[in-house]
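Enquirer: For reference, the structure I am asking about is given below.
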Amino acid sequence: MAMLCRNAPEWVPASEVHGEGIFSRFQENEVKAWEVLEAVKRRDSALRAGHRGWRNARRLDPELGYPGIRYVMLHTFAHLLIRELALECGYNAASIRERIYATVEDGRPMAGVLVYTAAADSDGTLGGLVELGKPENLGRLVEQALARARICSSDPLCSKHDPGEDRSLHAASCPACVFVAETSCERGNRYLDRALLVETFESSGASFFGRERSQHG
């Protein structure tokens, strides 16, 4: 590998893009209360087992790289929202992307999802996502997305999928209910589980939206 130049470069290549998006922040106290549920811990154990098996099969350190159950829940929510937005905003699903903010490190926990689109020309600012991000529209879209996620056309096989058995990186999720285009997902459709958001045929008690809550951010 050769150096780009003899001295430290004073410039970096960049491109300017235009876009729009919706950022959703989950209330930290609600996420913490959800994380300690026994049903959530069981789903976490199953996903960890799949993660270890997947990395062992590729001769990678099995103890590294697992993003955590918080990430899986937020990641799945982003996918459901992308699929729902694509039906109404005018963009196709492959042009909508995600960015997940999920960490508890350094004493500064994060729990947020950015769903956005960006392009080098004005097509990235059509206004479709901004309009749907208004409270009167976004709440309806989230409810519709969660309703669609409760039953998958591949159920009961989808809801019964155990990542620990086949060393995969997703649980109750498949192309029929949660997966999006590879260009839209920052993890290549890995670390997904709709049972962490809604009740499924196989799982109950682990869903973030499955019980009464005062608010959802």
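Within each chain, counting starts at residue 1; across the structure tokens, chains are named A, B, ... in the order shown, with ligands numbered 1 upward in that order.
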Would you list the contacts of A:Tyr71 as a PDB file with N, CA and C atoms, in the first residue's frame, taking every protein, DNA or RNA residue within 10 Å and counting only C-alpha atoms, but skipping same-chain residues closer than 4 positions in sequence?

Expert:
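Writing the result to selection16.pdb gives the following:
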ATOM      1  N   TYR A  66     -20.999  -8.267  18.355  1.00  0.00           N
ATOM      2  CA  TYR A  66     -22.440  -8.308  18.590  1.00  0.00           C
ATOM      3  C   TYR A  66     -22.941  -6.917  18.977  1.00  0.00           C
ATOM      4  N   PRO A  67     -23.932  -6.363  18.264  1.00  0.00           N
ATOM      5  CA  PRO A  67     -24.340  -4.968  18.511  1.00  0.00           C
ATOM      6  C   PRO A  67     -25.247  -4.772  19.714  1.00  0.00           C
ATOM      7  N   HIS A  75     -33.023  -1.405  14.913  1.00  0.00           N
ATOM      8  CA  HIS A  75     -32.762  -1.744  13.518  1.00  0.00           C
ATOM      9  C   HIS A  75     -34.016  -2.301  12.853  1.00  0.00           C
ATOM     10  N   THR A  76     -34.723  -3.165  13.556  1.00  0.00           N
ATOM     11  CA  THR A  76     -35.954  -3.731  13.015  1.00  0.00           C
ATOM     12  C   THR A  76     -37.008  -2.649  12.817  1.00  0.00           C
ATOM     13  N   PHE A  77     -37.101  -1.725  13.777  1.00  0.00           N
ATOM     14  CA  PHE A  77     -38.042  -0.618  13.646  1.00  0.00           C
ATOM     15  C   PHE A  77     -37.737   0.206  12.397  1.00  0.00           C
ATOM     16  N   ILE A 100     -28.604   3.872  12.484  1.00  0.00           N
ATOM     17  CA  ILE A 100     -29.072   3.471  13.806  1.00  0.00           C
ATOM     18  C   ILE A 100     -28.129   4.021  14.868  1.00  0.00           C
ATOM     19  N   TYR A 101     -28.689   4.628  15.889  1.00  0.00           N
ATOM     20  CA  TYR A 101     -27.922   5.145  17.023  1.00  0.00           C
ATOM     21  C   TYR A 101     -28.340   4.342  18.253  1.00  0.00           C
ATOM     22  N   ALA A 102     -27.506   3.372  18.616  1.00  0.00           N
ATOM     23  CA  ALA A 102     -27.866   2.475  19.726  1.00  0.00           C
ATOM     24  C   ALA A 102     -26.603   2.084  20.474  1.00  0.00           C
ATOM     25  N   THR A 103     -26.367   2.713  21.601  1.00  0.00           N
ATOM     26  CA  THR A 103     -25.200   2.377  22.401  1.00  0.00           C
ATOM     27  C   THR A 103     -25.457   2.759  23.850  1.00  0.00           C
ATOM     28  N   MET A 110     -27.693   5.962  23.806  1.00  0.00           N
ATOM     29  CA  MET A 110     -28.404   6.491  22.649  1.00  0.00           C
ATOM     30  C   MET A 110     -29.446   5.479  22.204  1.00  0.00           C
ATOM     31  N   ALA A 111     -30.562   5.977  21.732  1.00  0.00           N
ATOM     32  CA  ALA A 111     -31.613   5.114  21.184  1.00  0.00           C
ATOM     33  C   ALA A 111     -32.386   5.928  20.161  1.00  0.00           C
ATOM     34  N   GLY A 112     -31.907   5.902  18.928  1.00  0.00           N
ATOM     35  CA  GLY A 112     -32.544   6.693  17.883  1.00  0.00           C
ATOM     36  C   GLY A 112     -32.386   6.053  16.520  1.00  0.00           C
ATOM     37  N   VAL A 113     -33.236   6.460  15.600  1.00  0.00           N
ATOM     38  CA  VAL A 113     -33.241   5.925  14.241  1.00  0.00           C
ATOM     39  C   VAL A 113     -33.392   7.081  13.258  1.00  0.00           C
ATOM     40  N   TYR A 191     -29.196  -8.946  12.092  1.00  0.00           N
ATOM     41  CA  TYR A 191     -29.587  -8.438  13.402  1.00  0.00           C
ATOM     42  C   TYR A 191     -30.979  -7.782  13.343  1.00  0.00           C
ATOM     43  N   LEU A 192     -31.952  -8.613  13.017  1.00  0.00           N
ATOM     44  CA  LEU A 192     -33.343  -8.198  12.911  1.00  0.00           C
ATOM     45  C   LEU A 192     -34.230  -9.190  13.648  1.00  0.00           C
TER      46      LEU A 192
END

Enquirer: Quick check for you: according to DSSP on this backbone, which residues of stretch 8-191 of chain A are classed as helix (DSSP H, G or I)? Reply as a CSV table (one decimal) with C-alpha atoms, in the first residue's frame.

Expert:
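After the write, states-v2.csv holds the following:
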chain,number,residue,atom,x,y,z
A,28,GLU,CA,-34.2,6.1,27.4
A,29,ASN,CA,-36.2,5.1,30.5
A,30,GLU,CA,-38.6,3.1,28.3
A,31,VAL,CA,-35.8,1.3,26.5
A,32,LYS,CA,-34.1,0.4,29.8
A,33,ALA,CA,-37.3,-0.9,31.3
A,34,TRP,CA,-37.8,-3.1,28.1
A,35,GLU,CA,-34.2,-4.4,28.1
A,38,GLU,CA,-37.0,-11.9,30.8
A,39,ALA,CA,-38.5,-12.4,27.4
A,40,VAL,CA,-36.2,-9.9,25.9
A,41,LYS,CA,-33.2,-11.5,27.6
A,42,ARG,CA,-34.2,-14.9,26.1
A,43,ARG,CA,-34.4,-13.3,22.6
A,44,ASP,CA,-31.0,-11.7,23.2
A,45,SER,CA,-29.5,-15.1,24.2
A,46,ALA,CA,-30.8,-16.7,21.0
A,47,LEU,CA,-29.4,-13.9,18.8
A,48,ARG,CA,-26.1,-14.1,20.6
A,49,ALA,CA,-25.9,-17.8,20.0
A,50,GLY,CA,-26.5,-17.2,16.3
A,51,HIS,CA,-23.9,-14.5,16.3
A,52,ARG,CA,-21.3,-16.8,17.9
A,53,GLY,CA,-22.1,-19.6,15.5
A,54,TRP,CA,-21.9,-17.4,12.4
A,55,ARG,CA,-18.5,-16.0,13.4
A,56,ASN,CA,-17.2,-19.4,14.4
A,57,ALA,CA,-18.1,-20.8,11.0
A,69,ILE,CA,-30.4,-6.3,21.8
A,70,ARG,CA,-31.1,-2.5,21.8
A,71,TYR,CA,-29.6,-2.2,18.4
A,72,VAL,CA,-31.6,-5.2,17.0
A,73,MET,CA,-34.9,-3.6,18.2
A,74,LEU,CA,-34.1,-0.2,16.7
A,75,HIS,CA,-32.8,-1.7,13.5
A,76,THR,CA,-36.0,-3.7,13.0
A,77,PHE,CA,-38.0,-0.6,13.6
A,78,ALA,CA,-36.1,1.2,11.0
A,79,HIS,CA,-36.8,-1.5,8.4
A,80,LEU,CA,-40.5,-1.6,9.2
A,81,LEU,CA,-40.6,2.2,8.8
A,82,ILE,CA,-38.7,2.2,5.5
A,83,ARG,CA,-41.1,-0.4,4.1
A,84,GLU,CA,-44.1,1.7,5.2
A,85,LEU,CA,-42.7,5.0,4.0
A,86,ALA,CA,-42.0,3.6,0.5
A,93,ALA,CA,-37.6,1.5,-0.9
A,94,ALA,CA,-34.1,1.0,-2.3
A,95,SER,CA,-33.5,4.8,-2.2
A,105,GLU,CA,-21.1,3.2,26.2
A,106,ASP,CA,-19.3,6.0,28.0
A,107,GLY,CA,-22.4,6.7,30.2
A,122,SER,CA,-32.4,18.0,-6.4
A,123,ASP,CA,-34.2,14.6,-6.5
A,124,GLY,CA,-33.1,14.2,-2.9
A,125,THR,CA,-35.3,17.0,-1.7
A,128,GLY,CA,-42.0,13.4,0.7
A,129,LEU,CA,-40.3,12.2,3.9
A,130,VAL,CA,-40.6,15.6,5.5
A,131,GLU,CA,-44.3,15.6,5.0
A,132,LEU,CA,-44.8,12.1,6.3
A,135,PRO,CA,-46.8,14.1,13.9
A,136,GLU,CA,-50.3,13.7,12.3
A,137,ASN,CA,-48.8,11.4,9.6
A,138,LEU,CA,-45.9,9.7,11.3
A,139,GLY,CA,-48.0,8.2,14.1
A,140,ARG,CA,-50.4,6.6,11.6
A,141,LEU,CA,-47.5,5.2,9.6
A,142,VAL,CA,-45.9,3.6,12.7
A,143,GLU,CA,-49.1,2.0,13.7
A,144,GLN,CA,-49.6,0.6,10.2
A,145,ALA,CA,-46.0,-0.7,10.1
A,146,LEU,CA,-46.4,-2.5,13.4
A,147,ALA,CA,-49.8,-3.9,12.4
A,148,ARG,CA,-48.2,-5.4,9.2
A,149,ALA,CA,-45.4,-6.9,11.2
A,150,ARG,CA,-47.6,-8.9,13.5
A,163,PRO,CA,-30.8,-18.1,14.9
A,164,GLY,CA,-29.0,-20.4,17.4
A,165,GLU,CA,-30.0,-23.5,15.4
A,166,ASP,CA,-28.7,-22.5,11.9

Enquirer: Measuring atom to atom with only C-alpha atoms, identify which of A:Arg97, A:His18, A:Arg6, A:Arg58 is nearest to A:Glu182.

Expert: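 Result for the nearest residue to A:Glu182: A:Arg97.
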
Enquirer: Considering only C-alpha atoms, return as a list in words whatever protein or nucleic-acid residues lie within 6 Å of A:Leu197, sequence-local ones (same chain, fewer than 3 positions apart) excluded.

Expert: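 Residues near the query, excluding close chain neighbours: Arg194, Ser207, Phe208 and Phe209 of chain A.
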
Enquirer: How about saving the chosen residues, N, CA and C atoms kept, as an mmCIF file, in the first residue's frame?

Expert:
data_model
loop_
_atom_site.group_PDB
_atom_site.id
_atom_site.type_symbol
_atom_site.label_atom_id
_atom_site.label_comp_id
_atom_site.auth_asym_id
_atom_site.auth_seq_id
_atom_site.Cartn_x
_atom_site.Cartn_y
_atom_site.Cartn_z
ATOM 1 N N ARG A 194 -38.556 -9.044 14.519
ATOM 2 C CA ARG A 194 -39.799 -8.287 14.714
ATOM 3 C C ARG A 194 -40.487 -8.642 16.021
ATOM 4 N N SER A 207 -42.034 -7.751 23.157
ATOM 5 C CA SER A 207 -42.287 -6.656 22.223
ATOM 6 C C SER A 207 -42.250 -5.302 22.915
ATOM 7 N N PHE A 208 -41.527 -4.377 22.339
ATOM 8 C CA PHE A 208 -41.417 -3.031 22.900
ATOM 9 C C PHE A 208 -42.757 -2.320 22.870
ATOM 10 N N PHE A 209 -43.554 -2.546 21.834
ATOM 11 C CA PHE A 209 -44.847 -1.898 21.700
ATOM 12 C C PHE A 209 -45.988 -2.807 22.144
#

Enquirer: Find the residues around A:Asn189 up to 12 Å (only C-alpha atoms counted), leave out those fewer than 5 positions away in its own chain, and share them as number ranges by chain.

Expert: A: 72, 75-76, 78-79, 98, 168-171, 173-175, 177-184

Enquirer: Taking C-alpha atoms for each residue, export the selection above as a JSON list (two decimals), in the first residue's frame.

Expert:
[["chain", "number", "residue", "atom", "x", "y", "z"],
["A", 72, "VAL", "CA", -31.62, -5.20, 17.03],
["A", 75, "HIS", "CA", -32.76, -1.74, 13.52],
["A", 76, "THR", "CA", -35.95, -3.73, 13.01],
["A", 78, "ALA", "CA", -36.08, 1.23, 10.95],
["A", 79, "HIS", "CA", -36.76, -1.53, 8.44],
["A", 98, "GLU", "CA", -31.07, 4.06, 7.64],
["A", 168, "SER", "CA", -27.76, -17.01, 11.39],
["A", 169, "LEU", "CA", -27.90, -13.35, 12.36],
["A", 170, "HIS", "CA", -31.64, -12.74, 12.47],
["A", 171, "ALA", "CA", -34.61, -14.19, 14.30],
["A", 173, "SER", "CA", -37.63, -11.72, 10.07],
["A", 174, "CYS", "CA", -37.53, -12.55, 6.36],
["A", 175, "PRO", "CA", -37.92, -10.87, 2.93],
["A", 177, "CYS", "CA", -41.92, -8.91, 6.42],
["A", 178, "VAL", "CA", -38.74, -7.07, 7.47],
["A", 179, "PHE", "CA", -35.88, -7.27, 4.95],
["A", 180, "VAL", "CA", -35.15, -4.24, 2.74],
["A", 181, "ALA", "CA", -32.81, -3.64, -0.19],
["A", 182, "GLU", "CA", -29.13, -4.21, 0.54],
["A", 183, "THR", "CA", -28.41, -0.61, -0.40],
["A", 184, "SER", "CA", -30.79, 0.58, 2.32]]

Enquirer: Kindly give the distance, in Å, that separates atom CA of A:Thr117 and atom CA of A:Gln27, rounded to a single decimal.

Expert: 24.6 Å

Enquirer: Run DSSP on the backbone and grab whatever in stretch 24-102 of chain A lands in strand (DSSP E); send it over as an mmCIF file with C-alpha atoms, in the first residue's frame.

Expert:
data_model
loop_
_atom_site.group_PDB
_atom_site.id
_atom_site.type_symbol
_atom_site.label_atom_id
_atom_site.label_comp_id
_atom_site.auth_asym_id
_atom_site.auth_seq_id
_atom_site.Cartn_x
_atom_site.Cartn_y
_atom_site.Cartn_z
ATOM 1 C CA SER A 24 -37.024 9.152 15.779
ATOM 2 C CA ARG A 25 -35.691 9.199 19.340
ATOM 3 C CA ARG A 97 -31.529 4.418 3.918
ATOM 4 C CA GLU A 98 -31.067 4.060 7.643
ATOM 5 C CA ARG A 99 -28.691 5.082 10.392
ATOM 6 C CA ILE A 100 -29.072 3.471 13.806
ATOM 7 C CA TYR A 101 -27.922 5.145 17.023
ATOM 8 C CA ALA A 102 -27.866 2.475 19.726
#

Enquirer: Considering only C-alpha atoms, return as a PyMOL selection string whatever protein or nucleic-acid residues lie within 7 Å of A:Thr200, sequence-local ones (same chain, fewer than 4 positions apart) excluded.

Expert: chain A and resi 150-151+159+195+204

Enquirer: In terms of the shortest atom-to-atom distance over only C-alpha atoms, which of A:Glu88, A:Glu186, A:Gly68, A:Glu202 is closest to A:Asp155?

Expert: A:Glu202
